[in-house]
Each structure stands twice: as C-alpha cells, then as structure tokens.
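Report on the structure given below.
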Amino acid sequence: MYITVKFGSNQALLFNPACAVVNLLKNIKTRCGYGEHDVLLDLSDETGLVKELDNHRFDYADKHLDALATYILVEKQHIPPEEDDTKNPLQYRYVPLLEKYEEIFPNYQVRVANVQENAGKSKKSPTARRKKPRRPRTRHEPSPS
C-alpha cells in the first residue's frame, strides 16, 4: 500500500502509510524539502478536506489515509487570537504547498471536517432494554397421559 503526495511545482512522491503518523509526517517533511524549516505539515485529499493527522500522532497512518490515494501537502499555520478573544480555542489556517493547485484540482476547497470529540461512539440510553439472562435448561420430563 502506498499514497502519493503532491507538492511544489506538481512534484509527487510515494509514501508508505503503514507506520505511525508522527513517522510518516517526519518522512514527508524531510523528503519534500521542509526538514530544515519550522513548519507544521498535514495532508488534504483532492477535494481539500484536511486530514488533521497531527491529532492522531500515534495512530497508524493507514487508519486515516486511503490506499493508492493522492494527497496535497498543506502547511498548518497558527492564527494568533485577538486580544479580547479568550473563548475560542487555537485557530489554524491551511495553505496548500502545491503550486497552481486550482488548475490541477478545480474543485479543491481547503476545509476541515467539524467532528465532535466522541462522534461515532454510541452511548446506551438509560431506558434501553436489557436482555434477560438465560435460565439453564432443565431436563424435560414426560407429560402425564
């Protein structure tokens, strides 16, 4: 399994995502020429959906990336909060590191999925019916005739 990462002037490199996200991102940063730069990198799919891999640093990357897919390298830039804005968490801007990405991927719109922390995990409702425990089977006795 591999993925293709596009960056720069339509350059593409293959990467094996069968490793921890932290190792994959470090390898991408080095091989794409950003090893000496202090930048946070991430990947987006061909539509612009950012994968937010740094939120899953110790997961296996292939859990979050599709095999044989093409991804665009993006830089994750911190947006400083306004002085009176203490309620909002850290804000980020994602900048594609692929030149002329609009021409290569005409439907590309950088966006981040708004996913709640425990989305997808179902909680049992307090009124949910519980299964009755099975009684042990007893030996069937013939009925009187």
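Labels used: A, B, ... for chains in the order of the structure tokens, numbers from 1 for residues in each chain, and numbers from 1 for ligands as shown.
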
Ile3 in chain A surroundings by only C-alpha atoms, 9 Å radius, close-in-sequence under 2 positions cut, as an MDAnalysis selection string: chainID A and resid 1 5 13:17 65:71

Residues from last step as file, all heavy atoms, as a compact mmCIF listing (two decimals), in the first residue's frame:
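As written to disk, result-v5.txt reads:
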```txt
# COMPACT_ATOMS: atom_id res chain seq x y z
N MET A 1 0.84 -1.17 0.00
CA MET A 1 0.00 0.00 0.00
C MET A 1 0.89 1.24 0.00
O MET A 1 1.91 1.26 0.66
CB MET A 1 -0.88 -0.01 1.24
CG MET A 1 -1.74 1.21 1.35
SD MET A 1 -2.84 1.07 2.74
CE MET A 1 -2.59 2.65 3.47
N VAL A 5 1.89 11.93 -2.57
CA VAL A 5 1.82 13.27 -2.00
C VAL A 5 2.31 14.25 -3.06
O VAL A 5 3.43 14.12 -3.56
CB VAL A 5 2.66 13.39 -0.71
CG1 VAL A 5 2.66 14.83 -0.20
CG2 VAL A 5 2.12 12.45 0.35
N LEU A 13 5.57 12.40 -4.74
CA LEU A 13 6.39 11.35 -4.13
C LEU A 13 5.47 10.29 -3.54
O LEU A 13 4.36 10.59 -3.10
CB LEU A 13 7.27 11.92 -3.01
CG LEU A 13 8.44 12.81 -3.44
CD1 LEU A 13 9.13 13.40 -2.21
CD2 LEU A 13 9.44 12.03 -4.27
N LEU A 14 5.96 9.05 -3.53
CA LEU A 14 5.22 7.94 -2.94
C LEU A 14 5.67 7.75 -1.51
O LEU A 14 6.86 7.84 -1.19
CB LEU A 14 5.45 6.66 -3.73
CG LEU A 14 4.99 6.64 -5.18
CD1 LEU A 14 5.33 5.31 -5.82
CD2 LEU A 14 3.52 6.94 -5.29
N PHE A 15 4.69 7.44 -0.64
CA PHE A 15 4.98 7.17 0.77
C PHE A 15 4.20 5.94 1.21
O PHE A 15 3.11 5.67 0.72
CB PHE A 15 4.59 8.37 1.65
CG PHE A 15 5.44 9.58 1.41
CD1 PHE A 15 5.08 10.53 0.48
CD2 PHE A 15 6.62 9.77 2.13
CE1 PHE A 15 5.86 11.64 0.24
CE2 PHE A 15 7.41 10.88 1.91
CZ PHE A 15 7.03 11.82 0.96
N ASN A 16 4.78 5.23 2.17
CA ASN A 16 4.13 4.06 2.75
C ASN A 16 3.48 4.49 4.06
O ASN A 16 4.18 4.79 5.02
CB ASN A 16 5.15 2.96 2.99
CG ASN A 16 4.53 1.70 3.54
OD1 ASN A 16 3.36 1.65 3.85
ND2 ASN A 16 5.36 0.67 3.66
N PRO A 17 2.14 4.50 4.14
CA PRO A 17 1.49 4.94 5.37
C PRO A 17 1.33 3.85 6.43
O PRO A 17 0.62 4.04 7.41
CB PRO A 17 0.12 5.41 4.87
CG PRO A 17 -0.15 4.55 3.70
CD PRO A 17 1.19 4.29 3.07
N LEU A 65 -5.74 7.30 6.15
CA LEU A 65 -5.48 7.58 4.74
C LEU A 65 -5.89 6.38 3.89
O LEU A 65 -5.74 5.24 4.31
CB LEU A 65 -3.99 7.87 4.53
CG LEU A 65 -3.43 9.05 5.34
CD1 LEU A 65 -1.91 9.11 5.20
CD2 LEU A 65 -4.06 10.35 4.90
N ASP A 66 -6.40 6.67 2.69
CA ASP A 66 -6.83 5.61 1.79
C ASP A 66 -5.67 5.13 0.92
O ASP A 66 -4.87 5.93 0.44
CB ASP A 66 -7.95 6.11 0.88
CG ASP A 66 -9.19 6.50 1.66
OD1 ASP A 66 -9.48 5.84 2.68
OD2 ASP A 66 -9.87 7.46 1.26
N ALA A 67 -5.62 3.83 0.71
CA ALA A 67 -4.57 3.25 -0.12
C ALA A 67 -4.67 3.77 -1.54
O ALA A 67 -5.76 3.97 -2.06
CB ALA A 67 -4.69 1.73 -0.12
N LEU A 68 -3.54 4.02 -2.16
CA LEU A 68 -3.40 4.45 -3.55
C LEU A 68 -4.00 5.83 -3.83
O LEU A 68 -4.12 6.24 -4.98
CB LEU A 68 -4.03 3.43 -4.50
CG LEU A 68 -3.59 1.97 -4.32
CD1 LEU A 68 -4.34 1.07 -5.28
CD2 LEU A 68 -2.11 1.84 -4.51
N ALA A 69 -4.35 6.58 -2.79
CA ALA A 69 -4.94 7.90 -2.97
C ALA A 69 -3.85 8.95 -3.17
O ALA A 69 -2.69 8.75 -2.83
CB ALA A 69 -5.80 8.27 -1.78
N THR A 70 -4.25 10.09 -3.71
CA THR A 70 -3.36 11.23 -3.90
C THR A 70 -3.74 12.30 -2.89
O THR A 70 -4.92 12.63 -2.73
CB THR A 70 -3.49 11.79 -5.32
OG1 THR A 70 -3.09 10.77 -6.24
CG2 THR A 70 -2.61 13.01 -5.52
N TYR A 71 -2.73 12.84 -2.21
CA TYR A 71 -2.94 13.87 -1.20
C TYR A 71 -2.10 15.09 -1.53
O TYR A 71 -1.05 14.97 -2.16
CB TYR A 71 -2.58 13.34 0.20
CG TYR A 71 -3.51 12.25 0.64
CD1 TYR A 71 -3.18 10.91 0.48
CD2 TYR A 71 -4.74 12.55 1.20
CE1 TYR A 71 -4.04 9.90 0.87
CE2 TYR A 71 -5.62 11.54 1.58
CZ TYR A 71 -5.26 10.23 1.42
OH TYR A 71 -6.12 9.24 1.79
```

Please identify all polymer residues within 9 Å of Asn107 in chain A, counting only C-alpha atoms, omitting same-chain residues fewer than 3 positions from it, and present them as a ChimeraX atom specification. /A:46-48,102

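The residue set within 6 Å of range 73-81 of chain A, counting only C-alpha atoms and dropping same-chain residues fewer than 3 places from it, reads Phe7, Leu40, Leu41, Asp42, Leu43, Gln91, Tyr92, Arg93, Tyr94, Val95, Pro96 and Leu97 of chain A.
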
Would you mind telling me which residue in A:Cys19, A:Tyr108, A:Ala12, A:Cys32 lies nearest to Asp62 in chain A when using only C-alpha atoms? A:Cys19
